[in-house]
$ cat protein.pdb   # PDB, N, CA and C atoms
ATOM      1  N   MET C   1     -22.770 -39.009  25.431
ATOM      2  CA  MET C   1     -22.812 -37.615  25.051
ATOM      3  C   MET C   1     -21.877 -37.421  23.857
ATOM      4  N   ARG C   2     -22.226 -36.434  23.029
ATOM      5  CA  ARG C   2     -21.436 -36.175  21.817
ATOM      6  C   ARG C   2     -21.557 -34.694  21.471
ATOM      7  N   ILE C   3     -20.461 -34.079  21.050
ATOM      8  CA  ILE C   3     -20.496 -32.689  20.605
ATOM      9  C   ILE C   3     -21.335 -32.625  19.336
ATOM     10  N   LYS C   4     -22.267 -31.680  19.294
ATOM     11  CA  LYS C   4     -23.150 -31.539  18.136
ATOM     12  C   LYS C   4     -22.358 -31.121  16.904
ATOM     13  N   GLU C   5     -22.844 -31.570  15.760
ATOM     14  CA  GLU C   5     -22.279 -31.119  14.491
ATOM     15  C   GLU C   5     -22.532 -29.617  14.361
ATOM     16  N   GLY C   6     -21.632 -28.936  13.717
ATOM     17  CA  GLY C   6     -21.829 -27.514  13.466
ATOM     18  C   GLY C   6     -21.155 -26.610  14.473
ATOM     19  N   PHE C   7     -20.410 -27.180  15.407
ATOM     20  CA  PHE C   7     -19.660 -26.375  16.364
ATOM     21  C   PHE C   7     -18.175 -26.687  16.233
ATOM     22  N   ASP C   8     -17.363 -25.651  16.185
ATOM     23  CA  ASP C   8     -15.918 -25.799  16.101
ATOM     24  C   ASP C   8     -15.265 -24.820  17.054
ATOM     25  N   LEU C   9     -13.995 -25.043  17.320
ATOM     26  CA  LEU C   9     -13.219 -24.118  18.147
ATOM     27  C   LEU C   9     -12.415 -23.195  17.259
ATOM     28  N   MET C  10     -12.259 -21.966  17.736
ATOM     29  CA  MET C  10     -11.447 -20.980  17.048
ATOM     30  C   MET C  10     -10.723 -20.165  18.118
ATOM     31  N   THR C  11      -9.479 -19.819  17.857
ATOM     32  CA  THR C  11      -8.739 -18.969  18.778
ATOM     33  C   THR C  11      -8.689 -17.566  18.207
ATOM     34  N   ILE C  12      -9.210 -16.627  18.990
ATOM     35  CA  ILE C  12      -9.245 -15.225  18.596
ATOM     36  C   ILE C  12      -8.629 -14.411  19.715
ATOM     37  N   CYS C  13      -7.585 -13.672  19.377
ATOM     38  CA  CYS C  13      -6.882 -12.836  20.355
ATOM     39  C   CYS C  13      -6.479 -13.643  21.584
ATOM     40  N   GLY C  14      -6.031 -14.868  21.363
ATOM     41  CA  GLY C  14      -5.553 -15.702  22.447
ATOM     42  C   GLY C  14      -6.637 -16.385  23.263
ATOM     43  N   GLU C  15      -7.891 -16.218  22.885
ATOM     44  CA  GLU C  15      -8.991 -16.850  23.608
ATOM     45  C   GLU C  15      -9.650 -17.891  22.714
ATOM     46  N   THR C  16      -9.888 -19.077  23.271
ATOM     47  CA  THR C  16     -10.525 -20.152  22.520
ATOM     48  C   THR C  16     -12.030 -20.051  22.703
ATOM     49  N   ILE C  17     -12.752 -19.929  21.579
ATOM     50  CA  ILE C  17     -14.202 -19.810  21.642
ATOM     51  C   ILE C  17     -14.850 -20.864  20.756
ATOM     52  N   VAL C  18     -16.105 -21.157  21.067
ATOM     53  CA  VAL C  18     -16.890 -22.074  20.262
ATOM     54  C   VAL C  18     -17.576 -21.251  19.173
ATOM     55  N   VAL C  19     -17.416 -21.707  17.939
ATOM     56  CA  VAL C  19     -18.011 -21.037  16.793
ATOM     57  C   VAL C  19     -19.076 -21.962  16.211
ATOM     58  N   ALA C  20     -20.271 -21.409  15.969
ATOM     59  CA  ALA C  20     -21.365 -22.186  15.409
ATOM     60  C   ALA C  20     -21.419 -22.006  13.903
ATOM     61  N   HIS C  21     -21.700 -23.097  13.210
ATOM     62  CA  HIS C  21     -21.878 -23.082  11.762
ATOM     63  C   HIS C  21     -23.266 -23.621  11.464
ATOM     64  N   GLY C  22     -23.934 -23.030  10.540
ATOM     65  CA  GLY C  22     -25.263 -23.506  10.156
ATOM     66  C   GLY C  22     -26.363 -22.768  10.883
ATOM     67  N   ARG C  23     -27.464 -22.640  10.225
ATOM     68  CA  ARG C  23     -28.602 -21.873  10.729
ATOM     69  C   ARG C  23     -29.136 -22.425  12.052
ATOM     70  N   ASP C  24     -29.161 -23.741  12.235
ATOM     71  CA  ASP C  24     -29.709 -24.339  13.454
ATOM     72  C   ASP C  24     -28.902 -24.002  14.702
ATOM     73  N   ASN C  25     -27.639 -23.690  14.546
ATOM     74  CA  ASN C  25     -26.775 -23.450  15.699
ATOM     75  C   ASN C  25     -26.515 -21.972  15.971
ATOM     76  N   MET C  26     -27.051 -21.089  15.166
ATOM     77  CA  MET C  26     -26.760 -19.666  15.322
ATOM     78  C   MET C  26     -27.471 -19.073  16.526
ATOM     79  N   ASP C  27     -26.700 -18.577  17.459
ATOM     80  CA  ASP C  27     -27.224 -17.852  18.615
ATOM     81  C   ASP C  27     -26.159 -16.845  18.995
ATOM     82  N   PHE C  28     -26.390 -15.606  18.628
ATOM     83  CA  PHE C  28     -25.389 -14.573  18.865
ATOM     84  C   PHE C  28     -25.580 -13.875  20.208
ATOM     85  N   SER C  29     -26.404 -14.427  21.082
ATOM     86  CA  SER C  29     -26.668 -13.776  22.359
ATOM     87  C   SER C  29     -25.516 -13.927  23.341
ATOM     88  N   ARG C  30     -24.594 -14.849  23.071
ATOM     89  CA  ARG C  30     -23.437 -15.022  23.966
ATOM     90  C   ARG C  30     -22.292 -15.711  23.249
ATOM     91  N   VAL C  31     -21.117 -15.490  23.783
ATOM     92  CA  VAL C  31     -19.920 -16.137  23.277
ATOM     93  C   VAL C  31     -19.516 -17.191  24.292
ATOM     94  N   ILE C  32     -19.231 -18.388  23.826
ATOM     95  CA  ILE C  32     -18.818 -19.466  24.714
ATOM     96  C   ILE C  32     -17.310 -19.614  24.604
ATOM     97  N   SER C  33     -16.657 -19.355  25.714
ATOM     98  CA  SER C  33     -15.201 -19.410  25.776
ATOM     99  C   SER C  33     -14.786 -20.657  26.548
ATOM    100  N   LEU C  34     -13.740 -21.327  26.083
ATOM    101  CA  LEU C  34     -13.231 -22.515  26.758
ATOM    102  C   LEU C  34     -11.825 -22.251  27.273
ATOM    103  N   ASN C  35     -11.561 -22.715  28.493
ATOM    104  CA  ASN C  35     -10.198 -22.612  29.006
ATOM    105  C   ASN C  35      -9.335 -23.697  28.347
ATOM    106  N   GLU C  36      -8.078 -23.711  28.668
ATOM    107  CA  GLU C  36      -7.127 -24.617  28.007
ATOM    108  C   GLU C  36      -7.523 -26.079  28.146
ATOM    109  N   SER C  37      -7.897 -26.504  29.347
ATOM    110  CA  SER C  37      -8.215 -27.920  29.550
ATOM    111  C   SER C  37      -9.529 -28.297  28.872
ATOM    112  N   ALA C  38     -10.527 -27.407  28.871
ATOM    113  CA  ALA C  38     -11.792 -27.692  28.184
ATOM    114  C   ALA C  38     -11.571 -27.777  26.675
ATOM    115  N   ALA C  39     -10.739 -26.906  26.130
ATOM    116  CA  ALA C  39     -10.426 -26.950  24.700
ATOM    117  C   ALA C  39      -9.673 -28.240  24.353
ATOM    118  N   TYR C  40      -8.769 -28.643  25.236
ATOM    119  CA  TYR C  40      -8.038 -29.900  25.050
ATOM    120  C   TYR C  40      -9.024 -31.071  24.954
ATOM    121  N   LEU C  41      -9.976 -31.113  25.903
ATOM    122  CA  LEU C  41     -10.954 -32.191  25.907
ATOM    123  C   LEU C  41     -11.838 -32.139  24.663
ATOM    124  N   TRP C  42     -12.268 -30.944  24.304
ATOM    125  CA  TRP C  42     -13.112 -30.775  23.106
ATOM    126  C   TRP C  42     -12.419 -31.398  21.897
ATOM    127  N   ASN C  43     -11.157 -31.045  21.702
ATOM    128  CA  ASN C  43     -10.407 -31.555  20.557
ATOM    129  C   ASN C  43     -10.212 -33.066  20.615
ATOM    130  N   LYS C  44     -10.105 -33.626  21.796
ATOM    131  CA  LYS C  44      -9.916 -35.069  21.950
ATOM    132  C   LYS C  44     -11.186 -35.860  21.657
ATOM    133  N   VAL C  45     -12.363 -35.292  21.983
ATOM    134  CA  VAL C  45     -13.598 -36.067  21.868
ATOM    135  C   VAL C  45     -14.488 -35.654  20.705
ATOM    136  N   LYS C  46     -14.125 -34.604  19.977
ATOM    137  CA  LYS C  46     -14.944 -34.149  18.848
ATOM    138  C   LYS C  46     -15.158 -35.305  17.880
ATOM    139  N   GLY C  47     -16.413 -35.560  17.550
ATOM    140  CA  GLY C  47     -16.748 -36.624  16.619
ATOM    141  C   GLY C  47     -16.936 -37.985  17.258
ATOM    142  N   ALA C  48     -16.846 -38.064  18.584
ATOM    143  CA  ALA C  48     -16.983 -39.353  19.268
ATOM    144  C   ALA C  48     -17.943 -39.229  20.444
ATOM    145  N   ASN C  49     -18.531 -40.338  20.826
ATOM    146  CA  ASN C  49     -19.309 -40.371  22.054
ATOM    147  C   ASN C  49     -18.343 -40.393  23.223
ATOM    148  N   PHE C  50     -18.737 -39.782  24.342
ATOM    149  CA  PHE C  50     -17.852 -39.754  25.503
ATOM    150  C   PHE C  50     -18.661 -39.703  26.787
ATOM    151  N   THR C  51     -17.986 -40.090  27.857
ATOM    152  CA  THR C  51     -18.562 -40.048  29.198
ATOM    153  C   THR C  51     -17.682 -39.180  30.089
ATOM    154  N   ALA C  52     -18.188 -38.849  31.253
ATOM    155  CA  ALA C  52     -17.401 -38.084  32.217
ATOM    156  C   ALA C  52     -16.157 -38.864  32.625
ATOM    157  N   GLU C  53     -16.287 -40.170  32.733
ATOM    158  CA  GLU C  53     -15.143 -41.003  33.112
ATOM    159  C   GLU C  53     -14.044 -40.942  32.061
ATOM    160  N   GLN C  54     -14.426 -40.949  30.795
ATOM    161  CA  GLN C  54     -13.429 -40.857  29.726
ATOM    162  C   GLN C  54     -12.751 -39.488  29.728
ATOM    163  N   LEU C  55     -13.526 -38.433  29.973
ATOM    164  CA  LEU C  55     -12.936 -37.100  30.053
ATOM    165  C   LEU C  55     -11.963 -37.020  31.227
ATOM    166  N   ALA C  56     -12.343 -37.603  32.348
ATOM    167  CA  ALA C  56     -11.464 -37.605  33.520
ATOM    168  C   ALA C  56     -10.165 -38.340  33.219
ATOM    169  N   ASP C  57     -10.260 -39.455  32.498
ATOM    170  CA  ASP C  57      -9.045 -40.185  32.104
ATOM    171  C   ASP C  57      -8.130 -39.294  31.273
ATOM    172  N   LEU C  58      -8.716 -38.575  30.311
ATOM    173  CA  LEU C  58      -7.917 -37.681  29.473
ATOM    174  C   LEU C  58      -7.262 -36.588  30.305
ATOM    175  N   LEU C  59      -8.000 -36.038  31.263
ATOM    176  CA  LEU C  59      -7.439 -34.981  32.116
ATOM    177  C   LEU C  59      -6.275 -35.492  32.952
ATOM    178  N   THR C  60      -6.415 -36.690  33.532
ATOM    179  CA  THR C  60      -5.338 -37.208  34.379
ATOM    180  C   THR C  60      -4.109 -37.593  33.564
ATOM    181  N   GLU C  61      -4.321 -37.944  32.281
ATOM    182  CA  GLU C  61      -3.181 -38.265  31.415
ATOM    183  C   GLU C  61      -2.410 -37.013  31.009
ATOM    184  N   GLU C  62      -3.113 -35.892  30.840
ATOM    185  CA  GLU C  62      -2.494 -34.679  30.312
ATOM    186  C   GLU C  62      -2.059 -33.693  31.390
ATOM    187  N   TYR C  63      -2.782 -33.674  32.507
ATOM    188  CA  TYR C  63      -2.540 -32.668  33.548
ATOM    189  C   TYR C  63      -2.241 -33.338  34.877
ATOM    190  N   ASP C  64      -1.602 -32.597  35.747
ATOM    191  CA  ASP C  64      -1.284 -33.081  37.091
ATOM    192  C   ASP C  64      -2.496 -32.848  37.989
ATOM    193  N   VAL C  65      -3.475 -33.752  37.864
ATOM    194  CA  VAL C  65      -4.721 -33.642  38.616
ATOM    195  C   VAL C  65      -5.124 -35.037  39.075
ATOM    196  N   ASP C  66      -5.675 -35.130  40.290
ATOM    197  CA  ASP C  66      -6.098 -36.435  40.792
ATOM    198  C   ASP C  66      -7.425 -36.845  40.140
ATOM    199  N   ARG C  67      -7.705 -38.116  40.172
ATOM    200  CA  ARG C  67      -8.871 -38.685  39.494
ATOM    201  C   ARG C  67     -10.186 -38.081  40.001
ATOM    202  N   GLU C  68     -10.329 -37.927  41.300
ATOM    203  CA  GLU C  68     -11.567 -37.402  41.874
ATOM    204  C   GLU C  68     -11.854 -35.983  41.381
ATOM    205  N   THR C  69     -10.837 -35.128  41.399
ATOM    206  CA  THR C  69     -10.995 -33.756  40.918
ATOM    207  C   THR C  69     -11.297 -33.746  39.424
ATOM    208  N   ALA C  70     -10.599 -34.579  38.671
ATOM    209  CA  ALA C  70     -10.821 -34.654  37.223
ATOM    210  C   ALA C  70     -12.250 -35.087  36.922
ATOM    211  N   LEU C  71     -12.773 -36.040  37.678
ATOM    212  CA  LEU C  71     -14.132 -36.517  37.447
ATOM    213  C   LEU C  71     -15.155 -35.437  37.811
ATOM    214  N   GLN C  72     -14.927 -34.735  38.901
ATOM    215  CA  GLN C  72     -15.824 -33.634  39.277
ATOM    216  C   GLN C  72     -15.825 -32.555  38.191
ATOM    217  N   ASP C  73     -14.640 -32.188  37.731
ATOM    218  CA  ASP C  73     -14.524 -31.165  36.689
ATOM    219  C   ASP C  73     -15.185 -31.630  35.391
ATOM    220  N   SER C  74     -15.017 -32.894  35.045
ATOM    221  CA  SER C  74     -15.614 -33.442  33.824
ATOM    222  C   SER C  74     -17.139 -33.422  33.895
ATOM    223  N   ASN C  75     -17.681 -33.820  35.025
ATOM    224  CA  ASN C  75     -19.135 -33.787  35.198
ATOM    225  C   ASN C  75     -19.673 -32.373  35.074
ATOM    226  N   LYS C  76     -19.007 -31.413  35.695
ATOM    227  CA  LYS C  76     -19.459 -30.027  35.627
ATOM    228  C   LYS C  76     -19.377 -29.505  34.192
ATOM    229  N   MET C  77     -18.292 -29.833  33.516
ATOM    230  CA  MET C  77     -18.128 -29.365  32.151
ATOM    231  C   MET C  77     -19.199 -29.953  31.232
ATOM    232  N   MET C  78     -19.536 -31.212  31.423
ATOM    233  CA  MET C  78     -20.568 -31.832  30.606
ATOM    234  C   MET C  78     -21.924 -31.153  30.837
ATOM    235  N   ILE C  79     -22.211 -30.790  32.058
ATOM    236  CA  ILE C  79     -23.444 -30.056  32.369
ATOM    237  C   ILE C  79     -23.416 -28.693  31.696
ATOM    238  N   ASP C  80     -22.293 -28.001  31.798
ATOM    239  CA  ASP C  80     -22.159 -26.678  31.170
ATOM    240  C   ASP C  80     -22.341 -26.766  29.657
ATOM    241  N   TRP C  81     -21.713 -27.768  29.022
ATOM    242  CA  TRP C  81     -21.844 -27.934  27.577
ATOM    243  C   TRP C  81     -23.293 -28.256  27.199
ATOM    244  N   ALA C  82     -23.946 -29.090  28.003
ATOM    245  CA  ALA C  82     -25.354 -29.431  27.730
ATOM    246  C   ALA C  82     -26.228 -28.200  27.886
ATOM    247  N   ASP C  83     -26.024 -27.425  28.941
ATOM    248  CA  ASP C  83     -26.807 -26.195  29.159
ATOM    249  C   ASP C  83     -26.628 -25.202  28.023
ATOM    250  N   ALA C  84     -25.438 -25.182  27.445
ATOM    251  CA  ALA C  84     -25.150 -24.259  26.335
ATOM    252  C   ALA C  84     -25.638 -24.811  24.991
ATOM    253  N   GLY C  85     -26.132 -26.043  24.974
ATOM    254  CA  GLY C  85     -26.634 -26.629  23.736
ATOM    255  C   GLY C  85     -25.556 -27.123  22.792
ATOM    256  N   LEU C  86     -24.395 -27.419  23.331
ATOM    257  CA  LEU C  86     -23.260 -27.826  22.500
ATOM    258  C   LEU C  86     -23.176 -29.322  22.267
ATOM    259  N   VAL C  87     -23.922 -30.103  23.022
ATOM    260  CA  VAL C  87     -23.802 -31.550  22.934
ATOM    261  C   VAL C  87     -25.163 -32.212  22.770
ATOM    262  N   ASP C  88     -25.131 -33.400  22.179
ATOM    263  CA  ASP C  88     -26.292 -34.280  22.131
ATOM    264  C   ASP C  88     -26.162 -35.230  23.318
ATOM    265  N   LEU C  89     -27.249 -35.484  23.975
ATOM    266  CA  LEU C  89     -27.207 -36.320  25.166
ATOM    267  C   LEU C  89     -27.367 -37.807  24.862
ATOM    268  N   LYS C  90     -27.269 -38.180  23.606
ATOM    269  CA  LYS C  90     -27.410 -39.585  23.193
ATOM    270  C   LYS C  90     -26.233 -40.397  23.621
TER     271      LYS C  90
END
$ encode --input "protein.pdb" --output "structure tokens"
Amino acid sequence: MRIKEGFDLMTICGETIVVAHGRDNMDFSRVISLNESAAYLWNKVKGANFTAEQLADLLTEEYDVDRETALQDSNKMMIDWADAGLVDLK
């Protein structure tokens, strides 16, 4: 999986949101907000291929979370990002 080109993070009024650039990514029907840990992961993997296991490793290195919980959270986040059209499934 890989974050699609044309999406970046921006902090507005203390909230981290995904901002789309380019005509192909424009969808103003909703705002995608990321919590602190999701934004951390986004910044770590932007421009690279990644797996749920790699995201879980990053979470356990940065936060006080056990591996099982980190892996569950990573899998859910990857599904959420895919549903929102933010990632390529390659």
$ residues_around --input "protein.pdb" --residues "Arg67 in chain C" --least-positions-apart "3" --cutoff "12 Å" --atoms "only C-alpha atoms" --output "list in words"
Ala52, Glu53, Gln54, Leu55, Ala56, Asp57, Leu58, Leu59, Thr60, Glu61, Glu62, Tyr63, Asp64, Ala70, Leu71, Gln72, Asp73 and Ser74 of chain C
$ select_by_dssp --input "protein.pdb" --residues "chain C" --states "alpha helix (DSSP H)" --output "number ranges by chain"
C: 36-45, 52-62, 67-83
$ write_last_selection --input "protein.pdb" --atoms "N, CA and C atoms" --output "compact mmCIF listing (two decimals), in the frame of the given file"
# COMPACT_ATOMS: atom_id res chain seq x y z
N GLU C 36 -8.08 -23.71 28.67
CA GLU C 36 -7.13 -24.62 28.01
C GLU C 36 -7.52 -26.08 28.15
N SER C 37 -7.90 -26.50 29.35
CA SER C 37 -8.22 -27.92 29.55
C SER C 37 -9.53 -28.30 28.87
N ALA C 38 -10.53 -27.41 28.87
CA ALA C 38 -11.79 -27.69 28.18
C ALA C 38 -11.57 -27.78 26.68
N ALA C 39 -10.74 -26.91 26.13
CA ALA C 39 -10.43 -26.95 24.70
C ALA C 39 -9.67 -28.24 24.35
N TYR C 40 -8.77 -28.64 25.24
CA TYR C 40 -8.04 -29.90 25.05
C TYR C 40 -9.02 -31.07 24.95
N LEU C 41 -9.98 -31.11 25.90
CA LEU C 41 -10.95 -32.19 25.91
C LEU C 41 -11.84 -32.14 24.66
N TRP C 42 -12.27 -30.94 24.30
CA TRP C 42 -13.11 -30.78 23.11
C TRP C 42 -12.42 -31.40 21.90
N ASN C 43 -11.16 -31.04 21.70
CA ASN C 43 -10.41 -31.56 20.56
C ASN C 43 -10.21 -33.07 20.62
N LYS C 44 -10.10 -33.63 21.80
CA LYS C 44 -9.92 -35.07 21.95
C LYS C 44 -11.19 -35.86 21.66
N VAL C 45 -12.36 -35.29 21.98
CA VAL C 45 -13.60 -36.07 21.87
C VAL C 45 -14.49 -35.65 20.70
N ALA C 52 -18.19 -38.85 31.25
CA ALA C 52 -17.40 -38.08 32.22
C ALA C 52 -16.16 -38.86 32.62
N GLU C 53 -16.29 -40.17 32.73
CA GLU C 53 -15.14 -41.00 33.11
C GLU C 53 -14.04 -40.94 32.06
N GLN C 54 -14.43 -40.95 30.80
CA GLN C 54 -13.43 -40.86 29.73
C GLN C 54 -12.75 -39.49 29.73
N LEU C 55 -13.53 -38.43 29.97
CA LEU C 55 -12.94 -37.10 30.05
C LEU C 55 -11.96 -37.02 31.23
N ALA C 56 -12.34 -37.60 32.35
CA ALA C 56 -11.46 -37.60 33.52
C ALA C 56 -10.16 -38.34 33.22
N ASP C 57 -10.26 -39.46 32.50
CA ASP C 57 -9.04 -40.18 32.10
C ASP C 57 -8.13 -39.29 31.27
N LEU C 58 -8.72 -38.58 30.31
CA LEU C 58 -7.92 -37.68 29.47
C LEU C 58 -7.26 -36.59 30.30
N LEU C 59 -8.00 -36.04 31.26
CA LEU C 59 -7.44 -34.98 32.12
C LEU C 59 -6.28 -35.49 32.95
N THR C 60 -6.42 -36.69 33.53
CA THR C 60 -5.34 -37.21 34.38
C THR C 60 -4.11 -37.59 33.56
N GLU C 61 -4.32 -37.94 32.28
CA GLU C 61 -3.18 -38.26 31.42
C GLU C 61 -2.41 -37.01 31.01
N GLU C 62 -3.11 -35.89 30.84
CA GLU C 62 -2.49 -34.68 30.31
C GLU C 62 -2.06 -33.69 31.39
N ARG C 67 -7.70 -38.12 40.17
CA ARG C 67 -8.87 -38.68 39.49
C ARG C 67 -10.19 -38.08 40.00
N GLU C 68 -10.33 -37.93 41.30
CA GLU C 68 -11.57 -37.40 41.87
C GLU C 68 -11.85 -35.98 41.38
N THR C 69 -10.84 -35.13 41.40
CA THR C 69 -11.00 -33.76 40.92
C THR C 69 -11.30 -33.75 39.42
N ALA C 70 -10.60 -34.58 38.67
CA ALA C 70 -10.82 -34.65 37.22
C ALA C 70 -12.25 -35.09 36.92
N LEU C 71 -12.77 -36.04 37.68
CA LEU C 71 -14.13 -36.52 37.45
C LEU C 71 -15.16 -35.44 37.81
N GLN C 72 -14.93 -34.74 38.90
CA GLN C 72 -15.82 -33.63 39.28
C GLN C 72 -15.82 -32.56 38.19
N ASP C 73 -14.64 -32.19 37.73
CA ASP C 73 -14.52 -31.16 36.69
C ASP C 73 -15.18 -31.63 35.39
N SER C 74 -15.02 -32.89 35.04
CA SER C 74 -15.61 -33.44 33.82
C SER C 74 -17.14 -33.42 33.90
N ASN C 75 -17.68 -33.82 35.02
CA ASN C 75 -19.14 -33.79 35.20
C ASN C 75 -19.67 -32.37 35.07
N LYS C 76 -19.01 -31.41 35.70
CA LYS C 76 -19.46 -30.03 35.63
C LYS C 76 -19.38 -29.50 34.19
N MET C 77 -18.29 -29.83 33.52
CA MET C 77 -18.13 -29.36 32.15
C MET C 77 -19.20 -29.95 31.23
N MET C 78 -19.54 -31.21 31.42
CA MET C 78 -20.57 -31.83 30.61
C MET C 78 -21.92 -31.15 30.84
N ILE C 79 -22.21 -30.79 32.06
CA ILE C 79 -23.44 -30.06 32.37
C ILE C 79 -23.42 -28.69 31.70
N ASP C 80 -22.29 -28.00 31.80
CA ASP C 80 -22.16 -26.68 31.17
C ASP C 80 -22.34 -26.77 29.66
N TRP C 81 -21.71 -27.77 29.02
CA TRP C 81 -21.84 -27.93 27.58
C TRP C 81 -23.29 -28.26 27.20
N ALA C 82 -23.95 -29.09 28.00
CA ALA C 82 -25.35 -29.43 27.73
C ALA C 82 -26.23 -28.20 27.89
N ASP C 83 -26.02 -27.42 28.94
CA ASP C 83 -26.81 -26.20 29.16
C ASP C 83 -26.63 -25.20 28.02
$ residues_around --input "protein.pdb" --residues "Arg2 in chain C" --least-positions-apart "6" --cutoff "9 Å" --atoms "only C-alpha atoms" --output "PDB file with N, CA and C atoms, keeping the file's coordinate frame"
ATOM      1  N   VAL C  45     -12.363 -35.292  21.983  1.00  0.00           N
ATOM      2  CA  VAL C  45     -13.598 -36.067  21.868  1.00  0.00           C
ATOM      3  C   VAL C  45     -14.488 -35.654  20.705  1.00  0.00           C
ATOM      4  N   LYS C  46     -14.125 -34.604  19.977  1.00  0.00           N
ATOM      5  CA  LYS C  46     -14.944 -34.149  18.848  1.00  0.00           C
ATOM      6  C   LYS C  46     -15.158 -35.305  17.880  1.00  0.00           C
ATOM      7  N   GLY C  47     -16.413 -35.560  17.550  1.00  0.00           N
ATOM      8  CA  GLY C  47     -16.748 -36.624  16.619  1.00  0.00           C
ATOM      9  C   GLY C  47     -16.936 -37.985  17.258  1.00  0.00           C
ATOM     10  N   ALA C  48     -16.846 -38.064  18.584  1.00  0.00           N
ATOM     11  CA  ALA C  48     -16.983 -39.353  19.268  1.00  0.00           C
ATOM     12  C   ALA C  48     -17.943 -39.229  20.444  1.00  0.00           C
ATOM     13  N   ASN C  49     -18.531 -40.338  20.826  1.00  0.00           N
ATOM     14  CA  ASN C  49     -19.309 -40.371  22.054  1.00  0.00           C
ATOM     15  C   ASN C  49     -18.343 -40.393  23.223  1.00  0.00           C
ATOM     16  N   PHE C  50     -18.737 -39.782  24.342  1.00  0.00           N
ATOM     17  CA  PHE C  50     -17.852 -39.754  25.503  1.00  0.00           C
ATOM     18  C   PHE C  50     -18.661 -39.703  26.787  1.00  0.00           C
ATOM     19  N   THR C  51     -17.986 -40.090  27.857  1.00  0.00           N
ATOM     20  CA  THR C  51     -18.562 -40.048  29.198  1.00  0.00           C
ATOM     21  C   THR C  51     -17.682 -39.180  30.089  1.00  0.00           C
ATOM     22  N   LEU C  86     -24.395 -27.419  23.331  1.00  0.00           N
ATOM     23  CA  LEU C  86     -23.260 -27.826  22.500  1.00  0.00           C
ATOM     24  C   LEU C  86     -23.176 -29.322  22.267  1.00  0.00           C
ATOM     25  N   VAL C  87     -23.922 -30.103  23.022  1.00  0.00           N
ATOM     26  CA  VAL C  87     -23.802 -31.550  22.934  1.00  0.00           C
ATOM     27  C   VAL C  87     -25.163 -32.212  22.770  1.00  0.00           C
ATOM     28  N   ASP C  88     -25.131 -33.400  22.179  1.00  0.00           N
ATOM     29  CA  ASP C  88     -26.292 -34.280  22.131  1.00  0.00           C
ATOM     30  C   ASP C  88     -26.162 -35.230  23.318  1.00  0.00           C
ATOM     31  N   LEU C  89     -27.249 -35.484  23.975  1.00  0.00           N
ATOM     32  CA  LEU C  89     -27.207 -36.320  25.166  1.00  0.00           C
ATOM     33  C   LEU C  89     -27.367 -37.807  24.862  1.00  0.00           C
ATOM     34  N   LYS C  90     -27.269 -38.180  23.606  1.00  0.00           N
ATOM     35  CA  LYS C  90     -27.410 -39.585  23.193  1.00  0.00           C
ATOM     36  C   LYS C  90     -26.233 -40.397  23.621  1.00  0.00           C
TER      37      LYS C  90
END
$ atom_distance --input "protein.pdb" --atom1 "CA of Gly14 in chain C" --atom2 "CA of Ile32 in chain C"
14.0 Å
$ atom_distance --input "protein.pdb" --atom1 "CA of Cys13 in chain C" --atom2 "atom C of Met1 in chain C"
29.0 Å
$ resolve_selection --input "protein.pdb" --expression "the PyMOL selection byres ((chain C and resi 16) around 6.5)" --output "MDAnalysis selection string"
chainID C and resid 9:12 14:15 17:18 32:35
